[in-house]
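Coordinates as given in my_file.csv (CSV, C-alpha atoms):
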```csv
chain,number,residue,atom,x,y,z
J,1,GLN,CA,-54.2,-29.3,50.5
J,2,GLN,CA,-57.6,-28.8,52.1
J,3,GLN,CA,-57.9,-25.1,51.2
J,4,VAL,CA,-60.2,-23.5,48.7
J,5,LYS,CA,-58.9,-20.2,47.6
J,6,GLN,CA,-61.5,-17.7,46.4
J,7,SER,CA,-61.0,-14.4,44.6
J,8,PRO,CA,-61.7,-11.5,44.4
J,9,GLN,CA,-62.5,-10.6,48.0
J,10,SER,CA,-64.9,-7.9,46.8
J,11,LEU,CA,-66.3,-7.0,43.4
J,12,ILE,CA,-68.3,-4.1,42.0
J,13,VAL,CA,-70.2,-4.6,38.8
J,14,GLN,CA,-72.6,-2.4,36.8
J,15,LYS,CA,-76.2,-3.5,36.5
J,16,GLY,CA,-76.5,-5.8,33.4
J,17,GLY,CA,-72.8,-6.8,33.5
J,18,ILE,CA,-71.2,-10.2,34.1
J,19,SER,CA,-70.0,-11.0,37.6
J,20,ILE,CA,-67.2,-13.5,37.8
J,21,ILE,CA,-65.9,-15.1,40.9
J,22,ASN,CA,-63.1,-17.7,40.9
J,23,CYS,CA,-62.0,-20.5,43.2
J,24,ALA,CA,-59.0,-22.8,43.2
J,25,TYR,CA,-58.4,-26.0,45.1
J,26,GLU,CA,-55.5,-28.4,45.6
J,27,ASN,CA,-57.1,-31.7,46.7
J,28,THR,CA,-57.9,-33.7,43.6
J,29,ALA,CA,-60.2,-35.9,45.7
J,30,PHE,CA,-62.8,-33.1,45.9
J,31,ASP,CA,-65.8,-34.2,44.0
J,32,TYR,CA,-68.6,-31.8,44.9
J,33,PHE,CA,-68.4,-28.0,44.4
J,34,PRO,CA,-71.3,-25.9,45.5
J,35,TRP,CA,-71.8,-22.1,45.5
J,36,TYR,CA,-73.7,-20.4,48.3
J,37,GLN,CA,-75.2,-17.0,48.4
J,38,GLN,CA,-75.6,-15.1,51.7
J,39,PHE,CA,-77.5,-11.9,52.3
J,40,PRO,CA,-76.8,-9.7,55.4
J,41,GLY,CA,-78.5,-11.2,58.5
J,42,LYS,CA,-79.3,-14.5,56.8
J,43,GLY,CA,-77.7,-17.9,56.6
J,44,PRO,CA,-76.1,-19.0,53.3
J,45,ALA,CA,-78.4,-20.6,50.7
J,46,LEU,CA,-77.3,-23.0,48.0
J,47,LEU,CA,-77.2,-21.4,44.6
J,48,ILE,CA,-75.8,-24.0,42.3
J,49,ALA,CA,-73.5,-27.0,42.6
J,50,ILE,CA,-71.4,-29.1,40.2
J,51,ARG,CA,-69.5,-32.4,40.1
J,52,PRO,CA,-66.3,-32.9,38.2
J,53,ASP,CA,-67.9,-35.1,35.5
J,54,VAL,CA,-69.2,-31.9,33.7
J,55,SER,CA,-67.4,-28.8,32.7
J,56,GLU,CA,-70.4,-26.4,33.0
J,57,LYS,CA,-73.7,-26.1,34.7
J,58,LYS,CA,-76.2,-23.4,34.1
J,59,GLU,CA,-79.3,-22.4,36.2
J,60,GLY,CA,-81.0,-19.3,35.0
J,61,ARG,CA,-78.5,-16.4,35.1
J,62,PHE,CA,-76.0,-18.4,37.1
J,63,THR,CA,-73.3,-20.6,35.5
J,64,ILE,CA,-70.6,-22.7,37.1
J,65,SER,CA,-67.5,-23.4,34.9
J,66,PHE,CA,-65.3,-26.2,36.0
J,67,ASN,CA,-61.7,-26.9,34.9
J,68,LYS,CA,-60.6,-30.2,36.3
J,69,SER,CA,-57.0,-30.0,35.0
J,70,ALA,CA,-56.4,-26.5,36.4
J,71,LYS,CA,-58.3,-27.4,39.6
J,72,GLN,CA,-60.4,-24.3,39.3
J,73,PHE,CA,-64.0,-23.4,39.1
J,74,SER,CA,-65.9,-20.2,38.7
J,75,LEU,CA,-69.3,-18.6,39.1
J,76,HIS,CA,-70.6,-16.4,36.4
J,77,ILE,CA,-73.6,-14.2,37.0
J,78,MET,CA,-75.0,-12.9,33.7
J,79,ASP,CA,-77.1,-9.7,33.5
J,80,SER,CA,-76.2,-8.9,37.1
J,81,GLN,CA,-78.9,-7.2,39.1
J,82,PRO,CA,-78.9,-5.1,42.3
J,83,GLY,CA,-80.7,-7.9,44.0
J,84,ASP,CA,-77.7,-10.1,43.4
J,85,SER,CA,-75.6,-7.9,45.8
J,86,ALA,CA,-74.6,-10.4,48.4
J,87,THR,CA,-71.6,-12.5,49.6
J,88,TYR,CA,-70.8,-15.5,47.6
J,89,PHE,CA,-69.0,-18.6,48.9
J,90,CYS,CA,-67.5,-21.4,46.9
J,91,ALA,CA,-66.9,-24.7,48.6
J,92,ALA,CA,-65.6,-28.2,48.0
J,93,SER,CA,-66.0,-31.6,49.6
J,94,LYS,CA,-64.8,-35.1,48.8
J,95,GLY,CA,-65.8,-38.7,49.2
J,96,ASN,CA,-69.0,-39.9,50.7
J,97,ARG,CA,-71.7,-38.0,52.3
J,98,ASP,CA,-70.0,-38.2,55.6
J,99,ASP,CA,-67.1,-35.9,54.7
J,100,LYS,CA,-66.6,-32.3,55.7
J,101,ILE,CA,-66.9,-29.3,53.5
J,102,ILE,CA,-64.3,-26.6,53.0
J,103,PHE,CA,-65.4,-23.1,52.1
J,104,GLY,CA,-63.6,-20.3,50.4
J,105,LYS,CA,-63.4,-17.0,52.3
J,106,GLY,CA,-66.2,-15.3,50.3
J,107,THR,CA,-66.6,-12.6,47.8
J,108,ARG,CA,-68.7,-9.5,48.6
J,109,LEU,CA,-70.5,-8.6,45.4
J,110,HIS,CA,-72.1,-5.2,44.8
J,111,ILE,CA,-74.1,-4.4,41.7
J,112,LEU,CA,-74.4,-0.8,40.9
J,113,PRO,CA,-77.9,0.3,39.9
L,1,LYS,CA,-92.3,-26.5,55.6
L,2,ALA,CA,-90.6,-24.7,58.4
L,3,GLY,CA,-87.0,-23.8,57.9
L,4,VAL,CA,-84.0,-24.4,60.2
L,5,THR,CA,-84.3,-22.6,63.4
L,6,GLN,CA,-81.6,-21.6,65.8
L,7,THR,CA,-81.8,-20.3,69.4
L,8,PRO,CA,-80.9,-18.0,70.8
L,9,ARG,CA,-80.2,-15.5,68.0
L,10,TYR,CA,-77.9,-13.3,70.1
L,11,LEU,CA,-75.7,-14.1,73.1
L,12,ILE,CA,-73.2,-12.2,75.2
L,13,LYS,CA,-70.9,-14.2,77.4
L,14,THR,CA,-67.7,-13.5,79.3
L,15,ARG,CA,-64.3,-15.3,79.0
L,16,GLY,CA,-64.2,-18.6,80.8
L,17,GLN,CA,-68.0,-19.2,80.6
L,18,GLN,CA,-69.6,-21.9,78.6
L,19,VAL,CA,-72.4,-21.7,76.1
L,20,THR,CA,-75.0,-24.0,74.5
L,21,LEU,CA,-76.5,-23.3,71.2
L,22,SER,CA,-79.6,-25.1,69.8
L,23,CYS,CA,-80.6,-26.0,66.2
L,24,SER,CA,-83.8,-27.5,65.0
L,25,PRO,CA,-83.5,-28.9,61.5
L,26,ILE,CA,-86.1,-29.1,58.8
L,27,SER,CA,-88.5,-32.0,59.4
L,28,GLY,CA,-87.2,-35.2,57.9
L,29,HIS,CA,-83.6,-34.0,57.8
L,30,ARG,CA,-81.2,-36.3,59.6
L,31,SER,CA,-78.0,-34.5,59.0
L,32,VAL,CA,-77.1,-31.4,61.0
L,33,SER,CA,-73.8,-29.5,60.4
L,34,TRP,CA,-72.4,-26.6,62.4
L,35,TYR,CA,-70.2,-23.8,61.1
L,36,GLN,CA,-68.4,-20.8,62.6
L,37,GLN,CA,-68.4,-17.7,60.5
L,38,THR,CA,-66.0,-14.8,61.2
L,39,PRO,CA,-64.9,-11.9,59.0
L,40,GLY,CA,-61.3,-13.1,59.0
L,41,GLN,CA,-61.7,-16.8,58.5
L,42,GLY,CA,-65.0,-17.0,56.7
L,43,LEU,CA,-67.1,-20.1,57.1
L,44,GLN,CA,-65.4,-23.0,58.9
L,45,PHE,CA,-66.9,-26.4,59.3
L,46,LEU,CA,-67.2,-27.5,63.0
L,47,PHE,CA,-68.8,-30.9,62.8
L,48,GLU,CA,-71.6,-32.9,61.3
L,49,TYR,CA,-74.1,-35.2,63.0
L,50,PHE,CA,-76.3,-37.9,61.4
L,51,SER,CA,-78.7,-40.1,63.3
L,52,GLU,CA,-77.2,-39.0,66.7
L,53,THR,CA,-73.6,-39.8,65.6
L,54,GLN,CA,-70.8,-37.4,64.9
L,55,ARG,CA,-69.5,-38.4,61.5
L,56,ASN,CA,-66.9,-35.7,60.9
L,57,LYS,CA,-65.2,-32.9,62.7
L,58,GLY,CA,-63.3,-29.8,61.6
L,59,ASN,CA,-60.1,-28.4,63.0
L,60,PHE,CA,-61.4,-26.9,66.2
L,61,PRO,CA,-60.2,-27.6,69.8
L,62,GLY,CA,-62.0,-30.0,72.1
L,63,ARG,CA,-63.7,-27.0,73.8
L,64,PHE,CA,-66.2,-27.2,70.9
L,65,SER,CA,-68.6,-30.2,71.2
L,66,GLY,CA,-72.0,-31.1,70.0
L,67,ARG,CA,-74.7,-33.7,70.1
L,68,GLN,CA,-77.8,-34.7,68.3
L,69,PHE,CA,-81.0,-36.0,69.7
L,70,SER,CA,-83.3,-38.7,68.4
L,71,ASN,CA,-85.6,-36.1,66.8
L,72,SER,CA,-82.5,-34.7,64.9
L,73,ARG,CA,-82.4,-31.5,66.9
L,74,SER,CA,-78.8,-30.6,67.7
L,75,GLU,CA,-76.9,-28.7,70.3
L,76,MET,CA,-73.4,-27.2,70.2
L,77,ASN,CA,-71.5,-26.4,73.3
L,78,VAL,CA,-68.4,-24.3,73.7
L,79,SER,CA,-66.6,-24.5,77.1
L,80,THR,CA,-64.1,-22.0,78.6
L,81,LEU,CA,-65.0,-19.3,76.1
L,82,GLU,CA,-62.2,-17.2,74.6
L,83,LEU,CA,-62.5,-13.8,73.0
L,84,GLY,CA,-61.7,-15.4,69.6
L,85,ASP,CA,-64.8,-17.5,69.9
L,86,SER,CA,-66.9,-14.4,69.1
L,87,ALA,CA,-68.6,-15.3,65.8
L,88,LEU,CA,-71.8,-16.2,64.0
L,89,TYR,CA,-72.5,-19.9,64.6
L,90,LEU,CA,-74.6,-21.4,61.8
L,91,CYS,CA,-76.2,-24.8,61.6
L,92,ALA,CA,-77.4,-26.4,58.4
L,93,SER,CA,-79.6,-29.4,57.8
L,94,SER,CA,-79.9,-31.8,54.9
L,95,LEU,CA,-81.4,-35.2,54.3
L,96,GLN,CA,-78.2,-37.2,54.2
L,97,GLY,CA,-75.1,-35.0,54.5
L,98,VAL,CA,-72.9,-32.1,53.2
L,99,GLN,CA,-72.8,-33.3,49.6
L,100,GLU,CA,-76.3,-32.2,48.9
L,101,THR,CA,-78.4,-29.1,49.5
L,102,GLN,CA,-77.8,-27.9,53.0
L,103,TYR,CA,-80.4,-25.5,54.4
L,104,PHE,CA,-78.9,-23.0,56.8
L,105,GLY,CA,-80.5,-21.3,59.8
L,106,PRO,CA,-80.1,-17.6,60.5
L,107,GLY,CA,-77.3,-18.3,63.0
L,108,THR,CA,-76.6,-17.4,66.6
L,109,ARG,CA,-74.3,-14.4,67.0
L,110,LEU,CA,-72.1,-14.9,70.0
L,111,LEU,CA,-70.1,-12.1,71.6
L,112,VAL,CA,-67.5,-13.0,74.2
L,113,LEU,CA,-66.3,-10.1,76.4
```
Here is a file; write its structure as structure tokens.
Amino acid sequence: QQQVKQSPQSLIVQKGGISIINCAYENTAFDYFPWYQQFPGKGPALLIAIRPDVSEKKEGRFTISFNKSAKQFSLHIMDSQPGDSATYFCAASKGNRDDKIIFGKGTRLHILP
Amino acid sequence: KAGVTQTPRYLIKTRGQQVTLSCSPISGHRSVSWYQQTPGQGLQFLFEYFSETQRNKGNFPGRFSGRQFSNSRSEMNVSTLELGDSALYLCASSLQGVQETQYFGPGTRLLVL
């Protein structure tokens, strides 16, 4: 019940295309869903986060779509660029600030130039 | 503002030894979390410290421990190292906890022989 399942494991998208990464969770108590981006040799960096009171959040070319009833959320990268090539992690946490955070296993995204 | 720093960056140990990793958070951040990253398991939460107190712990054996000092710097210790402990160990800091933007360090890569 604490798992966050992320798919696909790897993704290849043409430059200018839309990259879509999906995550699913079981625990309905989760109330914070961030996405992190990690480049080789670097630590992850927060990209965008959403809470269940909204169904979509957009920041530039990055959009999180959230489906509470299906217990799924996804990251859409519009107009994908070679610089977006990285590993993306979804995550979920619940409760107060003193709770742990569960990460998906990551998606390795490669944007073809 | 300086980012999160971790020392050492690379470490080679043998089975049975112990190791201590250090993390200096961003100035003003009181929450420090530790994560283990491996190709097979992805990012896994180890524990979180806030104001020198461990608030939450992931599903790791007691060989993994940590502490936080009054200046918010944190150390992580792994005793009786096993081959499976080879991983990238990341720490992240935030103002209050895991449900807000966490800033990750570059990690310490530990190899256990």
>> Calculated over all atoms listed in the file, which of the candidates J:Leu11, J:Leu112, J:Ile101, J:Ala45 has the smallest distance to Phe47 in chain L?
In response: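 Smallest separation from Phe47 in chain L among the options: J:Ile101.
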>> Env of Val54 in chain J: 12 Å cut, atoms = only C-alpha atoms, seq-sep filter 6 positions within chain, self excluded. Answer as a ChimeraX atom specification.
In response: /J:31-33,64-68,73
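Considering the residues J:His110, J:Pro44, J:Glu56, J:Ala86 and counting only C-alpha atoms, Ser74 in chain J has its shortest atom-to-atom contact with J:Glu56.
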>> Ranking J:Asn22, J:Gln38, J:Thr87, J:Asn27 by minimum distance to Leu90 in chain L and counting all atoms listed in the file, which one comes first?
In response: J:Gln38
> Which is closest to chain J among L:Met76, L:Val112, L:Cys23, L:Leu46, if we use all atoms listed in the file?
Replying inline: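 So, comparing all the options, the nearest one is L:Leu46.
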> Counting all atoms listed in the file, which residues of chain J come no farther than 8 Å from chain L, as a PyMOL selection string?
Replying inline: chain J and resi 32+41-46+93+96-106
>> Can you tell me which residues surround range 64-74 of chain L at a distance of at most 7 Å, considering only C-alpha atoms, apart from same-chain residues fewer than 5 positions away, and format the answer as a list in words?
In response: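 Skipping anything fewer than 5 positions along the chain leaves Ser22, Cys23, Ser24, Pro25, Arg30, Val32, Tyr49, Ser51, Glu52 and Ser79 of chain L.
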>> Using Å and a single decimal, report how far CA of Ser85 in chain J sits from CA of Arg108 in chain J.
In response: 7.6 Å
>> I'd like the contact shell of Glu82 in chain L - 8 Å cut-off, all atoms listed in the file, skipping same-chain residues fewer than 4 positions apart - returned as a PyMOL selection string.
In response: chain L and resi 15-16+86+112
>> Using Å and a single decimal, report how far CA of Arg109 in chain L sits from CA of Phe89 in chain J.
In response: 19.3 Å
> How far is it from CA of His76 in chain J to CA of Ile18 in chain J, in Å with one decimal?
Replying inline: 6.6 Å
> What lies within 6 Å of range 78-81 of chain J using all atoms listed in the file, ignoring chain neighbours under 4 positions off, as a VMD selection string?
Replying inline: chain J and resid 15 to 18 61
